Amino acid sequence: MKKSNRLTREASEARQGRRTRDSPTGIPALDSVQFPQRFREKMPDRYSGRYGGLEFFIRDCQSYFSSLSKPKPTEGQFIRFITSRFCDLARAWAQRIAATRPGILENVQQFMDLFFEEFGERGIQYDLDEVLGDVIWPTDAGPLFHEHYAHVRQQRDVNANTTAQLAESQFQVTSPFPITSPVPAISPVHVKSRVTATLQSPVTAMPAKKGGCAGCVIVISQMKAVLL
């Protein structure tokens, strides 16, 4: 009886251990979730990181990517799909990346560079273009997944720059009033003539006070203003 209970407990722990290894925190379990496909293509086999064969795994990922309908999953979604096919050493490695360098899970090229560095054979320089370029893909396969996401990033940067330029142009301050020509300057001669004409208007002569010179008359009408 005790032996039976022990075996049952060990079997339960083993199943729990498999679930823990397959779906640790940070690595989504997408085994039961498939992206919409244009044509049927099986999901890539699991990759453990123990026995080589990383080129075959990446090519299987490309075959699956080619089968997907538009719009394609985002870059982060597809990377997390790839990591969901990891097990054993590869899954533990992906878990460390998710915990310490989560930004890598948003860039296919950076993620694949680290993947080749971790699991590639020593002395071999891996290049994603060569790994995927050595295969003759069907004519309807579409772009390679890393080229597709590089184009998406480039287009996103162009859109961001355009939006920034439009926003900057809207902050340029312009006067709400039309620019008019300056007030014309008044000619000194014109001012002189107007003042002279005003001062030459007739004024009644005033008799002199007692004690003054008899018959002395101030004739204002004779005054002329001379403006220099």
# chains A, B, ... in the order shown; residues from 1 in each chain; ligands from 1

$ select_by_dssp --residues "segment 116-146 of chain A" --states "helix (DSSP H, G or I)" --output "list of chain:residue names"
A:Phe116, A:Glu117, A:Glu118, A:Phe119, A:Leu128, A:Asp129, A:Glu130, A:Val131, A:Leu132, A:Gly133, A:Phe145, A:His146

$ write_last_selection --atoms "N, CA, C and O atoms" --output "PDB file, in the first residue's frame"
ATOM      1  N   PHE A 116      22.168  31.639 -31.636  1.00  0.00           N
ATOM      2  CA  PHE A 116      23.287  30.974 -32.322  1.00  0.00           C
ATOM      3  C   PHE A 116      24.528  30.948 -31.446  1.00  0.00           C
ATOM      4  O   PHE A 116      25.277  29.968 -31.434  1.00  0.00           O
ATOM      5  N   GLU A 117      24.745  32.033 -30.720  1.00  0.00           N
ATOM      6  CA  GLU A 117      25.921  32.093 -29.851  1.00  0.00           C
ATOM      7  C   GLU A 117      25.835  31.064 -28.731  1.00  0.00           C
ATOM      8  O   GLU A 117      26.847  30.475 -28.326  1.00  0.00           O
ATOM      9  N   GLU A 118      24.642  30.827 -28.232  1.00  0.00           N
ATOM     10  CA  GLU A 118      24.454  29.911 -27.105  1.00  0.00           C
ATOM     11  C   GLU A 118      24.471  28.450 -27.541  1.00  0.00           C
ATOM     12  O   GLU A 118      25.074  27.601 -26.868  1.00  0.00           O
ATOM     13  N   PHE A 119      23.841  28.128 -28.668  1.00  0.00           N
ATOM     14  CA  PHE A 119      23.635  26.727 -29.036  1.00  0.00           C
ATOM     15  C   PHE A 119      24.345  26.306 -30.329  1.00  0.00           C
ATOM     16  O   PHE A 119      24.286  25.128 -30.698  1.00  0.00           O
ATOM     17  N   LEU A 128      21.911  34.331 -40.072  1.00  0.00           N
ATOM     18  CA  LEU A 128      20.524  33.966 -40.335  1.00  0.00           C
ATOM     19  C   LEU A 128      20.206  33.962 -41.824  1.00  0.00           C
ATOM     20  O   LEU A 128      19.438  33.117 -42.305  1.00  0.00           O
ATOM     21  N   ASP A 129      20.802  34.875 -42.566  1.00  0.00           N
ATOM     22  CA  ASP A 129      20.591  34.897 -44.015  1.00  0.00           C
ATOM     23  C   ASP A 129      21.082  33.596 -44.659  1.00  0.00           C
ATOM     24  O   ASP A 129      20.440  33.059 -45.566  1.00  0.00           O
ATOM     25  N   GLU A 130      22.234  33.099 -44.186  1.00  0.00           N
ATOM     26  CA  GLU A 130      22.778  31.867 -44.760  1.00  0.00           C
ATOM     27  C   GLU A 130      21.980  30.649 -44.308  1.00  0.00           C
ATOM     28  O   GLU A 130      21.714  29.742 -45.104  1.00  0.00           O
ATOM     29  N   VAL A 131      21.586  30.627 -43.031  1.00  0.00           N
ATOM     30  CA  VAL A 131      20.836  29.471 -42.522  1.00  0.00           C
ATOM     31  C   VAL A 131      19.528  29.311 -43.293  1.00  0.00           C
ATOM     32  O   VAL A 131      19.138  28.191 -43.662  1.00  0.00           O
ATOM     33  N   LEU A 132      18.838  30.416 -43.542  1.00  0.00           N
ATOM     34  CA  LEU A 132      17.569  30.348 -44.257  1.00  0.00           C
ATOM     35  C   LEU A 132      17.739  30.447 -45.765  1.00  0.00           C
ATOM     36  O   LEU A 132      16.895  29.965 -46.525  1.00  0.00           O
ATOM     37  N   GLY A 133      18.838  31.060 -46.202  1.00  0.00           N
ATOM     38  CA  GLY A 133      19.046  31.237 -47.637  1.00  0.00           C
ATOM     39  C   GLY A 133      19.484  29.979 -48.344  1.00  0.00           C
ATOM     40  O   GLY A 133      19.419  29.908 -49.581  1.00  0.00           O
ATOM     41  N   PHE A 145      11.333  35.521 -42.277  1.00  0.00           N
ATOM     42  CA  PHE A 145      10.716  36.194 -41.137  1.00  0.00           C
ATOM     43  C   PHE A 145      11.552  37.346 -40.602  1.00  0.00           C
ATOM     44  O   PHE A 145      11.019  38.386 -40.195  1.00  0.00           O
ATOM     45  N   HIS A 146      12.889  37.219 -40.612  1.00  0.00           N
ATOM     46  CA  HIS A 146      13.703  38.323 -40.089  1.00  0.00           C
ATOM     47  C   HIS A 146      13.696  39.516 -41.044  1.00  0.00           C
ATOM     48  O   HIS A 146      13.776  40.668 -40.610  1.00  0.00           O
TER      49      HIS A 146
END

$ closest_atom_pairs --of "segment 72-118 of chain A" --to "segment 60-63 of chain A" --cutoff "10 Å" --atoms "only C-alpha atoms" --output "Markdown table"
| residue | atom | partner | partner_atom | distance |
| --- | --- | --- | --- | --- |
| A:Phe78 | CA | A:Cys61 | CA | 9.4 |
| A:Phe81 | CA | A:Cys61 | CA | 9.3 |
| A:Ile82 | CA | A:Cys61 | CA | 7.2 |
| A:Arg85 | CA | A:Cys61 | CA | 9.5 |

$ write_last_selection --atoms "N, CA and C atoms" --output "PDB file, in the first residue's frame"
ATOM      1  N   PHE A  78       5.939  36.547 -32.372  1.00  0.00           N
ATOM      2  CA  PHE A  78       6.577  35.423 -33.062  1.00  0.00           C
ATOM      3  C   PHE A  78       7.784  34.905 -32.284  1.00  0.00           C
ATOM      4  N   PHE A  81       6.492  32.792 -29.664  1.00  0.00           N
ATOM      5  CA  PHE A  81       6.059  31.516 -30.237  1.00  0.00           C
ATOM      6  C   PHE A  81       7.257  30.579 -30.397  1.00  0.00           C
ATOM      7  N   ILE A  82       8.370  31.114 -30.885  1.00  0.00           N
ATOM      8  CA  ILE A  82       9.573  30.292 -31.036  1.00  0.00           C
ATOM      9  C   ILE A  82      10.003  29.724 -29.683  1.00  0.00           C
ATOM     10  N   ARG A  85       8.368  26.664 -28.275  1.00  0.00           N
ATOM     11  CA  ARG A  85       8.762  25.362 -28.821  1.00  0.00           C
ATOM     12  C   ARG A  85      10.061  24.864 -28.200  1.00  0.00           C
TER      13      ARG A  85
END

$ atom_distance --atom1 "atom CA of Phe111 of chain A" --atom2 "atom CA of Phe39 of chain A"
27.0 Å

$ closest_residue --among "A:Pro71, A:Val108, A:Gln95, A:Arg40" --to "Leu144 of chain A" --atoms "only C-alpha atoms"
A:Val108

$ atom_distance --atom1 "atom CA of Glu106 of chain A" --atom2 "atom CA of Ile124 of chain A"
25.5 Å

$ atom_distance --atom1 "atom CA of Asn107 of chain A" --atom2 "atom CA of Ile79 of chain A"
7.9 Å

$ residues_around --residues "Lys72 of chain A" --least-positions-apart "3" --cutoff "12 Å" --atoms "only C-alpha atoms" --output "number ranges by chain"
A: 34-38, 64-69, 75-78, 142-143, 145, 148-149, 152

$ closest_residue --among "A:Ala92, A:Met43, A:Leu166, A:Ile104" --to "Arg59 of chain A" --atoms "only C-alpha atoms"
A:Met43
